[in-house]
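These notes are about the structure you will find just below.
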Amino acid sequence: MKNKKRNQPNRSFLEAMDDILGKNDWVIFWILFGVTLLVGILLYDPRVSPGGDDSAYVVSAHEFLKSFKFPGYQGPLYPIMLSLVDAIFGMSLAAFKAFSLVSILGFMLFTFLAFRKRIPPFLLFVTLLLTSVNSHVLYYASQTYSEAFYMFMLALLLFVFFRFFINREGQSLAFSEEIKRHLLLAITLIGIILTRSIGYVALLTLLGYFLIYRQWKNIGYTLGCFLLCFGTYQLIKYLLWGDASLQATGQGSSLLNKDFYKPEYGREDLAGFIQRFLINSNVYISNFFVSMLGLHESILPGGVHASPKTMLTILIYGLGITGIWMTFKQNRYLFFTGMLTGLSLIVTFVILQTIWNQQRLIIPAFPYIIMISFTAFYYLLKKERSRFIQSLIIVPVIILFFTSLSDTVKAIEAAQKLKNEYSGLTPDWKNYAQASAWAAKNLPEEDLVACRRAPISTIYGKGKEFYGIYRIKSSDIKYLIDKWSENEDQYFAITTEGMTEELYALVLEQYETRMLINLTYYLLIKNEGDIKQKVKKWPDLQIIESTEALKSLIKSTGDIAFVYDADSLLMPLKEKGVTHILTANLRLNPYVRDGRIVNTVERIVAFTQEKYPDLYILVQQFGTPNDEPAEILQIHWEVTNK
């Protein structure tokens with residue numbers, strides 16, 4: 001026996017680590033599970049996020065439960081699941097947030113079950129360790145965004161695919177067994193797709209995997225079962241709600257535009273999509289992902305600027321590609337995970353508008369980027385010539401653990417200061433939230449309040465319906481020009497730049513509408529009496545006296561012109577039965593109080609008040625005039641009938 005032991009080669013560092021972790025995997029997992037639970041509880045945030053999308057999920061869930069309205073705009077599965085929480089606990093923000101924590105814990109459990117004894121234990125536990133103490137990931141354990149639930153669904157897909165497909169490769173199965181496992185896979189796939197539309201990438205990845213390994217029969221079964229299940233879902237949706245549209249059709253179409261919010265700018269071209277990918281890669285990989293690891297500019301050598309960021313992105317992409325390449329023949333579980341993660345990131349970075357810059361969009365991929373990056377190191381160090389330096393792999397693990405933990409400790413300290421849903425809010429949001437709560441408590445139930453962030457108002461209003469105003473719809477300037485052309489002397493236009501209060505009051509007496517031409521506002525005035533002569537007394541005032549002059553101006557500025565007609569702006573509010581408007585001073589940059597605000601609602605009020613000065617009456621105000629106030633205005637519709 002002694003001779004046998006003497007003849008056995010010494011185990012490498014990675015082999016020893018895998019052996020220790022593998023023998024104690026359940027104990028280690030439950031420790032990390034407990035750490036995740038503890039950190040998630042300590043990071044609990046009782047507030048409503050100002051983002052808006054998370055509130056929209058809650059409102060969709062409440063409407064589904066209350067009036068059986070199908071949650072069609074966003075992925076419907078998550079709101080439907082939240083509606084079950086609503087049915088049990090009522091519209092409780094704490095209960096909705098608890099569901100997110102349960103989803104994160106479910107992700108941890110099914111990730112462990114999916115990869116246990118299928119990949120090296122070192123890679124599995126490094127991934128779970130760095131996730132369990134990461135405040136950026138666990139922030140979503142106390143939010144109502146779909147990230148936590150989507151992470152759970154991804155882990156569930158991997159568990160199903162690994163156990164019922166990769167584990168059984170090479171086995172001859174009966175037809176009934178084939179149908180059962182492919183139906184299970186199809187249902188899981190549809191669950192992912194109905195959570196977030198990017199889930200369609202999972203289907204492409206599965207088909208790509210089967211194609212690479214020449215599993216032709218699986219391609220046929222997967223497509224057949226998926227189409228059967230998806231067709232059944234579409235049929236049920238049509239029969240119950242009369243909706244035959246595919247998920248995110250409208251939103252997906254808008255993503256192809258140069259500007260998501262301004263379709264008139266046209267569709268993006270190939271060069272634009274390539275530029276999106278390059279910009280988003282830098283933003284989400286070398287900025288968001290790296291900072292999520294606790295590696296901020298202040299602790300990186302020399303900081304991180306444009307060129308080094310690009311190099312950092314290339315390095316991380318290189319690690320990912322290396323990891324995927326090295327697992328092609330050595331570990332199909334890791335290879336599939338790398339394929340799924342890589343394809344999801346590529347599609348996300350190509351279709352994502354570069355102006356959004358939302359860290360949460362990379363959250364579901366975070367654990368798998370870690371896993372595949374360390375996979376590259378792991379298999380490179382497993383080579384015979386690298387055995388003597390294998391222990392160096394523990395260095396980045398220790399560094400990333402403590403940098404992540406440092407971020408998390410700071411986040412916990414901040415979270416512990418939050419006592420209620422108003423804690424820590426900047427004055428603009430606090431005033432807005434309090435105005436929403438006041439409207440729900442003090443206005444009749446049938447009154448409808450229009451505002452900029454209706455879902456957030458609904459949550460602070462404990463379920464009261466609000467009407468959202470998200471954009472200002474402009475009128476057709478060609479129609480205005482044609483109307484003016486019928487009688488060239490009936491109108492003239494003047495710029496608002498440099499306009500005094502005296503002049504503004506004068507022209508409002510014969511005001512017709514407002515125009516925006518290349519970022520400059522003009523007022524269209526009825527030419528009655530001696531108004532034009534009075535206006536001409538103001539020096540250096542730009543006056544447009546004919547349609548030809550107006551057309552020339554529009555053409556010289558690149559044909560960028562909009563008309564904001566008061567009656568057209570008011571029409572949708574009147575049709576919906578809006579009785580009040582909530583105006584606010586929500587900061588454009590939430591971290592800077594510089595007077596720049598999200599002014600969609602406020603502009604509608606200002607533009608319509610130009611034509612109908614007595615249209616609005618102040619009912620209630622929250623915050624002083626110098627403290628970013630929010631106001632509830634009652635609309636007196638009878639003014640518009642005069």
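The way I read the labels, and the way they are meant: chains A, B, ... in the order of the structure tokens, residue 1 as the first residue of every chain, and ligand 1 as the first ligand shown, with later ones counted on from there.
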**OP:** From region 359-553 of chain A, collect each residue whose DSSP state is helix (DSSP H, G or I) and return the set as a PyMOL selection string.
**Re:** chain A and resi 359-381+384-415+427-442+454-460+477-485+501-510+531-535+547-553
Subject >> Those in region 405-537 of chain A with strand (DSSP E) from DSSP, as an MDAnalysis selection string >> reply: chainID A and resid 449:451 466:468 491:495 511:517 520:526
Written file, previous selection with C-alpha atoms, as a JSON list (two decimals), in the first residue's frame:
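Just written: part06.json:
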[["chain", "number", "residue", "atom", "x", "y", "z"],
["A", 449, "VAL", "CA", -55.56, 62.04, -11.97],
["A", 450, "ALA", "CA", -53.06, 62.33, -14.85],
["A", 451, "CYS", "CA", -49.35, 62.26, -13.99],
["A", 466, "PHE", "CA", -53.87, 57.12, -12.28],
["A", 467, "TYR", "CA", -53.57, 58.09, -15.94],
["A", 468, "GLY", "CA", -50.03, 58.19, -17.28],
["A", 491, "TYR", "CA", -51.75, 84.62, -38.95],
["A", 492, "PHE", "CA", -48.17, 85.47, -38.13],
["A", 493, "ALA", "CA", -45.61, 83.74, -35.87],
["A", 494, "ILE", "CA", -43.03, 85.07, -33.43],
["A", 495, "THR", "CA", -40.21, 83.43, -31.50],
["A", 511, "TYR", "CA", -52.86, 83.06, -29.37],
["A", 512, "GLU", "CA", -53.57, 80.16, -31.74],
["A", 513, "THR", "CA", -50.95, 77.47, -31.17],
["A", 514, "ARG", "CA", -47.28, 76.77, -30.41],
["A", 515, "MET", "CA", -44.60, 75.43, -32.77],
["A", 516, "LEU", "CA", -41.16, 73.94, -32.15],
["A", 517, "ILE", "CA", -38.71, 74.39, -35.02],
["A", 520, "THR", "CA", -36.76, 77.01, -30.92],
["A", 521, "TYR", "CA", -40.34, 77.75, -29.89],
["A", 522, "TYR", "CA", -42.66, 80.01, -31.91],
["A", 523, "LEU", "CA", -46.17, 81.22, -31.13],
["A", 524, "LEU", "CA", -48.73, 81.36, -33.92],
["A", 525, "ILE", "CA", -50.88, 84.48, -33.44],
["A", 526, "LYS", "CA", -54.20, 85.47, -35.03]]
**OP:** Please indicate the distance in Å from CA of Asn420 (chain A) to CA of Phe107 (chain A), rounded to one decimal place.
**Re:** 28.0 Å
If we count only C-alpha atoms and set the cut-off at 8 Å, which residues sit around Ser103 (chain A), ignoring sequence neighbours fewer than 6 positions away in its own chain? Please answer as a PDB file with N, CA, C and O atoms, in the first residue's frame.
ATOM      1  N   ALA A 141     -33.442  41.667  -4.780  1.00  0.00           N
ATOM      2  CA  ALA A 141     -34.191  40.790  -3.885  1.00  0.00           C
ATOM      3  C   ALA A 141     -35.197  41.574  -3.057  1.00  0.00           C
ATOM      4  O   ALA A 141     -36.043  40.982  -2.382  1.00  0.00           O
ATOM      5  N   ALA A 148     -35.066  39.288 -10.586  1.00  0.00           N
ATOM      6  CA  ALA A 148     -34.935  38.155  -9.662  1.00  0.00           C
ATOM      7  C   ALA A 148     -35.715  36.950 -10.173  1.00  0.00           C
ATOM      8  O   ALA A 148     -35.202  35.817 -10.169  1.00  0.00           O
ATOM      9  N   PHE A 149     -36.935  37.170 -10.627  1.00  0.00           N
ATOM     10  CA  PHE A 149     -37.749  36.063 -11.113  1.00  0.00           C
ATOM     11  C   PHE A 149     -37.162  35.488 -12.400  1.00  0.00           C
ATOM     12  O   PHE A 149     -37.183  34.260 -12.612  1.00  0.00           O
ATOM     13  N   MET A 151     -33.985  35.414 -13.199  1.00  0.00           N
ATOM     14  CA  MET A 151     -32.831  34.610 -12.799  1.00  0.00           C
ATOM     15  C   MET A 151     -33.272  33.225 -12.338  1.00  0.00           C
ATOM     16  O   MET A 151     -32.639  32.211 -12.662  1.00  0.00           O
ATOM     17  N   PHE A 152     -34.372  33.177 -11.590  1.00  0.00           N
ATOM     18  CA  PHE A 152     -34.906  31.890 -11.151  1.00  0.00           C
ATOM     19  C   PHE A 152     -35.325  31.038 -12.354  1.00  0.00           C
ATOM     20  O   PHE A 152     -35.027  29.840 -12.421  1.00  0.00           O
TER      21      PHE A 152
END
Subject >> Leu38 (chain A) surroundings by only C-alpha atoms, 12 Å radius, close-in-sequence under 6 positions cut, as a list in words >> reply: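 Returned residues: Ile31, Leu32, Tyr44, Leu101, Leu105, Ser132, Val133, Asn134, Ser135, Leu138, Ala141, Thr408 and Ile412 of chain A.
Residue nearest Thr232 (chain A), chosen from A:Leu211, A:Leu541, A:Leu154, A:Ile187 and counting only C-alpha atoms: A:Ile187.
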**OP:** Name the closest residue to Ser92 (chain A) among the candidates A:Ala61, A:Leu633, A:Leu380, A:Ile219; distances are taken between atoms, counting only C-alpha atoms.
**Re:** A:Ala61
